[in-house]
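K.L.:
Sending over a structure as structure tokens; questions will come in a sec.
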Amino acid sequence: MLLYPNLARKARTFRHKDSDLDIFDDNNLRQRYRFSRASIEYITDLIRDQLERPTKRSHSLSPEQQVMLALRFYATGSFVQVISDLQGFDKGTGSRVIVKVTNALAGLKDRFIKWPNDEEREVIHAGFYEMCQFPNVLGCLDGTHVKIQGPSTPQWYRELENAGPRPTYESTFVCRKQYHSINTQGICDHKGKLINVVARWPGATHDSHIFKESQIGQHLSENNQGMREGYLLGDSGYPCKPFLLTPYLRPTTQAEKRYNTAQKKTRNSIERCFGTLKRRFHCLHGEIRMRPERTCKIIIACCVLNNIAIDRREPLLGRPRREPHERHVYQGPHDGLAVRRFVTERFFQQ
């Protein structure tokens, strides 16, 4: 029995659209989706099992259609309504597809965002040394803010507020630039490929606190093997540690100034990495209009896709050749200032 018999049920309409994979060449596909035909098919095959529908109905979306809809959203950062209309789908369908593809891609994090093994570390050391002759660099560390829409307070946080005074939920996401964001930590190698990502902290959290509380920060603090394993480069917002070298705040000698110059130029790799990531996936450059927990998964998904793009050379920028890298052994006090002083005196005196 109909609850409202006088209201006619709206008929469902299905809009069919020829696949862009069959229409555009690789250049046009990259402009719209950031990947070539072969790469789109590769990405689809990675998560096909999670996207295939159990139904045999002819109106279900294929895995290729779902991946391309999500890629269009990542590439443009436009409204879900606009993206869905462009792809020929309903807004609700587009929203569900983006969530499903994002979860599937974020699930590939451990496969495509990996901490290097011993053999890979040697390659990374040599790659960074070719830039500015800074020795034994394992990666470059920094944080970037991904702008989000001001979030509403969930019920679990309201219960915490009732337990005592604390910052409002919304204010914890306001970064130093005075907008709502997710503060994302990244560590990249010499190719600009991310080897570690932490995307779960609100914008008001300081970079050094994120690193201290991160799994990789705790691992390096407890298990670092000194210069043999290598160290990270960070800016002056981080404390100087044996595994994390920062610039001199007030350099007094020419060696310290040369150290700062080389450290800054090498450390810029992470700035270029974030710049490339946000240019490739414009949703990270604009404002993501979703809940914070969903935004964090979108960030991880885009980082996974960025590494896939680098692996598949879409594109891979050439770098000038420099002197070959040499292994350097340090024997001395195991503290950040001593390691930094050794690097300065050993490699930047002349």
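Following the order of the structure tokens, first chain is A, next is B, and so on, with residues numbered from 1 inside each chain and ligands from 1 in the order they appear.
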May I have all residues of region 73-250 of chain A that DSSP, computed from the backbone, assigns to alpha helix (DSSP H), given as number ranges by chain?
P.N.:
A: 73-76, 80-87, 91-106, 109-112, 118-132, 155-163, 207-213, 215-223
K.L.:
Any idea what's packed within 9 Å of Ile195 (chain A), counting only C-alpha atoms, ignoring anything in its chain fewer than 6 positions away? Could you give it as a ChimeraX atom specification?
P.N.:
/A:112-116,139,186-189
K.L.:
Could those residues be written to a file, using N, CA, C and O atoms, as a CSV table (one decimal), in the first residue's frame?
P.N.:
chain,number,residue,atom,x,y,z
A,112,PHE,N,52.6,0.8,-2.2
A,112,PHE,CA,53.2,1.9,-3.1
A,112,PHE,C,53.9,3.0,-2.3
A,112,PHE,O,54.7,3.7,-2.9
A,113,ILE,N,53.7,3.1,-1.0
A,113,ILE,CA,54.4,4.1,-0.1
A,113,ILE,C,55.2,3.3,0.9
A,113,ILE,O,54.7,2.9,2.0
A,114,LYS,N,56.4,2.9,0.6
A,114,LYS,CA,57.2,2.0,1.4
A,114,LYS,C,58.5,2.6,1.9
A,114,LYS,O,59.1,3.4,1.1
A,115,TRP,N,58.9,2.2,3.1
A,115,TRP,CA,60.2,2.7,3.6
A,115,TRP,C,61.3,1.8,2.9
A,115,TRP,O,61.1,0.6,2.7
A,116,PRO,N,62.4,2.5,2.4
A,116,PRO,CA,63.4,1.7,1.6
A,116,PRO,C,64.1,0.7,2.4
A,116,PRO,O,64.4,0.8,3.6
A,139,GLY,N,66.1,10.8,3.2
A,139,GLY,CA,64.8,11.4,2.7
A,139,GLY,C,64.7,12.8,3.2
A,139,GLY,O,65.4,13.3,4.1
A,186,GLY,N,55.0,14.3,5.0
A,186,GLY,CA,55.5,13.5,3.9
A,186,GLY,C,57.0,13.4,4.0
A,186,GLY,O,57.7,14.4,4.4
A,187,ILE,N,57.5,12.3,3.6
A,187,ILE,CA,59.0,12.1,3.4
A,187,ILE,C,59.2,11.5,2.0
A,187,ILE,O,58.5,10.6,1.6
A,188,CYS,N,60.1,12.2,1.2
A,188,CYS,CA,60.3,11.8,-0.2
A,188,CYS,C,61.7,11.4,-0.4
A,188,CYS,O,62.6,11.7,0.3
A,189,ASP,N,61.9,10.6,-1.5
A,189,ASP,CA,63.3,10.3,-1.9
A,189,ASP,C,63.8,11.2,-2.9
A,189,ASP,O,63.1,12.3,-3.2
K.L.:
Measure the distance from CA of Val80 (chain A) to CA of Gly94 (chain A) in Å and round it to one decimal.
P.N.:
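Value for the CA of Val80 (chain A)-CA of Gly94 (chain A) distance: 6.5 Å.
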K.L.:
Mind giving me the straight-line distance from CA of Arg34 (chain A) to CA of Val82 (chain A) in Å, one decimal?
P.N.:
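Computed distance, CA of Arg34 (chain A) to CA of Val82 (chain A), equals 18.0 Å.
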K.L.:
Based on the backbone DSSP call, show me all residues of region 213-330 of chain A assigned strand (DSSP E or B), as JSON, numbers by chain.
P.N.:
{"A": [231, 232, 233, 241, 244, 245, 288]}
K.L.:
Given only C-alpha atoms as the basis, pick out the residue of A:Phe342, A:Ser152, A:Gln66, A:Cys296 nearest to Leu284 (chain A).
P.N.:
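Looking only at the distances to Leu284 (chain A), the closest residue turns out to be A:Cys296.
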K.L.:
Ranking A:Gln149, A:Ser214, A:Thr76, A:Gln81 by minimum distance to Tyr179 (chain A) and counting only C-alpha atoms, which one comes first?
P.N.:
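Result for the nearest residue to Tyr179 (chain A): A:Gln149.
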K.L.:
Fewer than 4 positions away in the same chain doesn't count, so skip those; otherwise give me all residues within 12 Å of Pro154 (chain A), counting only C-alpha atoms, as number ranges by chain.
P.N.:
A: 158-161, 168-170, 291-293
K.L.:
Since we have the selection now, will you write its residues out, keeping N, CA, C and O atoms, as a PDB file, in the first residue's frame?
P.N.:
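Output contents, as saved in out-v8.pdb:
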ATOM      1  N   ARG A 158      31.664  15.907  21.334  1.00  0.00           N
ATOM      2  CA  ARG A 158      30.773  16.629  22.257  1.00  0.00           C
ATOM      3  C   ARG A 158      30.833  15.996  23.648  1.00  0.00           C
ATOM      4  O   ARG A 158      30.800  16.698  24.663  1.00  0.00           O
ATOM      5  N   GLU A 159      30.930  14.675  23.680  1.00  0.00           N
ATOM      6  CA  GLU A 159      31.020  14.001  24.971  1.00  0.00           C
ATOM      7  C   GLU A 159      32.335  14.332  25.676  1.00  0.00           C
ATOM      8  O   GLU A 159      32.380  14.462  26.900  1.00  0.00           O
ATOM      9  N   LEU A 160      33.421  14.482  24.904  1.00  0.00           N
ATOM     10  CA  LEU A 160      34.700  14.883  25.505  1.00  0.00           C
ATOM     11  C   LEU A 160      34.631  16.305  26.043  1.00  0.00           C
ATOM     12  O   LEU A 160      35.182  16.606  27.103  1.00  0.00           O
ATOM     13  N   GLU A 161      33.955  17.195  25.317  1.00  0.00           N
ATOM     14  CA  GLU A 161      33.825  18.579  25.777  1.00  0.00           C
ATOM     15  C   GLU A 161      33.047  18.657  27.085  1.00  0.00           C
ATOM     16  O   GLU A 161      33.328  19.492  27.944  1.00  0.00           O
ATOM     17  N   THR A 168      37.572  23.738  20.980  1.00  0.00           N
ATOM     18  CA  THR A 168      36.447  23.262  20.185  1.00  0.00           C
ATOM     19  C   THR A 168      36.965  22.399  19.038  1.00  0.00           C
ATOM     20  O   THR A 168      38.101  22.548  18.584  1.00  0.00           O
ATOM     21  N   TYR A 169      36.129  21.488  18.592  1.00  0.00           N
ATOM     22  CA  TYR A 169      36.522  20.570  17.513  1.00  0.00           C
ATOM     23  C   TYR A 169      36.910  21.345  16.265  1.00  0.00           C
ATOM     24  O   TYR A 169      37.919  21.070  15.632  1.00  0.00           O
ATOM     25  N   GLU A 170      36.109  22.346  15.920  1.00  0.00           N
ATOM     26  CA  GLU A 170      36.367  23.133  14.711  1.00  0.00           C
ATOM     27  C   GLU A 170      37.680  23.886  14.793  1.00  0.00           C
ATOM     28  O   GLU A 170      38.441  23.959  13.825  1.00  0.00           O
ATOM     29  N   ARG A 291      34.015  15.398   5.046  1.00  0.00           N
ATOM     30  CA  ARG A 291      34.383  15.240   6.447  1.00  0.00           C
ATOM     31  C   ARG A 291      35.879  14.974   6.575  1.00  0.00           C
ATOM     32  O   ARG A 291      36.502  14.385   5.672  1.00  0.00           O
ATOM     33  N   PRO A 292      36.515  15.380   7.700  1.00  0.00           N
ATOM     34  CA  PRO A 292      37.967  15.206   7.858  1.00  0.00           C
ATOM     35  C   PRO A 292      38.441  13.776   7.656  1.00  0.00           C
ATOM     36  O   PRO A 292      39.455  13.537   6.990  1.00  0.00           O
ATOM     37  N   GLU A 293      37.723  12.778   8.204  1.00  0.00           N
ATOM     38  CA  GLU A 293      38.169  11.394   8.086  1.00  0.00           C
ATOM     39  C   GLU A 293      38.126  10.924   6.628  1.00  0.00           C
ATOM     40  O   GLU A 293      38.986  10.138   6.198  1.00  0.00           O
TER      41      GLU A 293
END
K.L.:
Give me, please, the distance in Å between CA of Val101 (chain A) and CA of Ser39 (chain A), quoted to one decimal.
P.N.:
15.6 Å
K.L.:
Near region 237-240 of chain A, within 12 Å and counting only C-alpha atoms, which residues show up once chain neighbours fewer than 5 positions away are dropped, as number ranges by chain?
P.N.:
A: 141-143, 206-212, 217, 221, 231-232, 245-249, 334-341
K.L.:
Out of A:Ser181, A:Thr44, A:Gln155, A:Gln254, which residue has the shortest atom-to-atom distance to Glu64 (chain A) when counting only C-alpha atoms?
P.N.:
A:Thr44
K.L.:
Can you list, as a list in words, every protein, DNA or RNA residue that comes within 8 Å of region 275-278 of chain A when you count only C-alpha atoms, leaving out same-chain residues fewer than 6 positions away?
P.N.:
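Returned residues: Leu284, His285, Cys302, Cys303 and Asn306 of chain A.
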K.L.:
Extract, using only C-alpha atoms, all DNA, RNA and protein residues at most 9 Å from Lys265 (chain A), discarding same-chain residues fewer than 5 positions from it, and format them as a list of chain:residue names.
P.N.:
A:Met131, A:Cys132, A:Asn260
K.L.:
Can you pull out every residue within 10 Å of Asn27 (chain A), counting only C-alpha atoms, but drop anything in the same chain fewer than 6 positions away, and send it as a list in words?
P.N.:
Tyr33, Arg34, Phe35, Ser36 and Arg37 of chain A
K.L.:
Find the residue from A:Met290, A:Ala104, A:Ala75, A:Val197 that sits nearest to Asp45 (chain A); use only C-alpha atoms when measuring.
P.N.:
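Among the listed residues, A:Ala104 lies closest to Asp45 (chain A).
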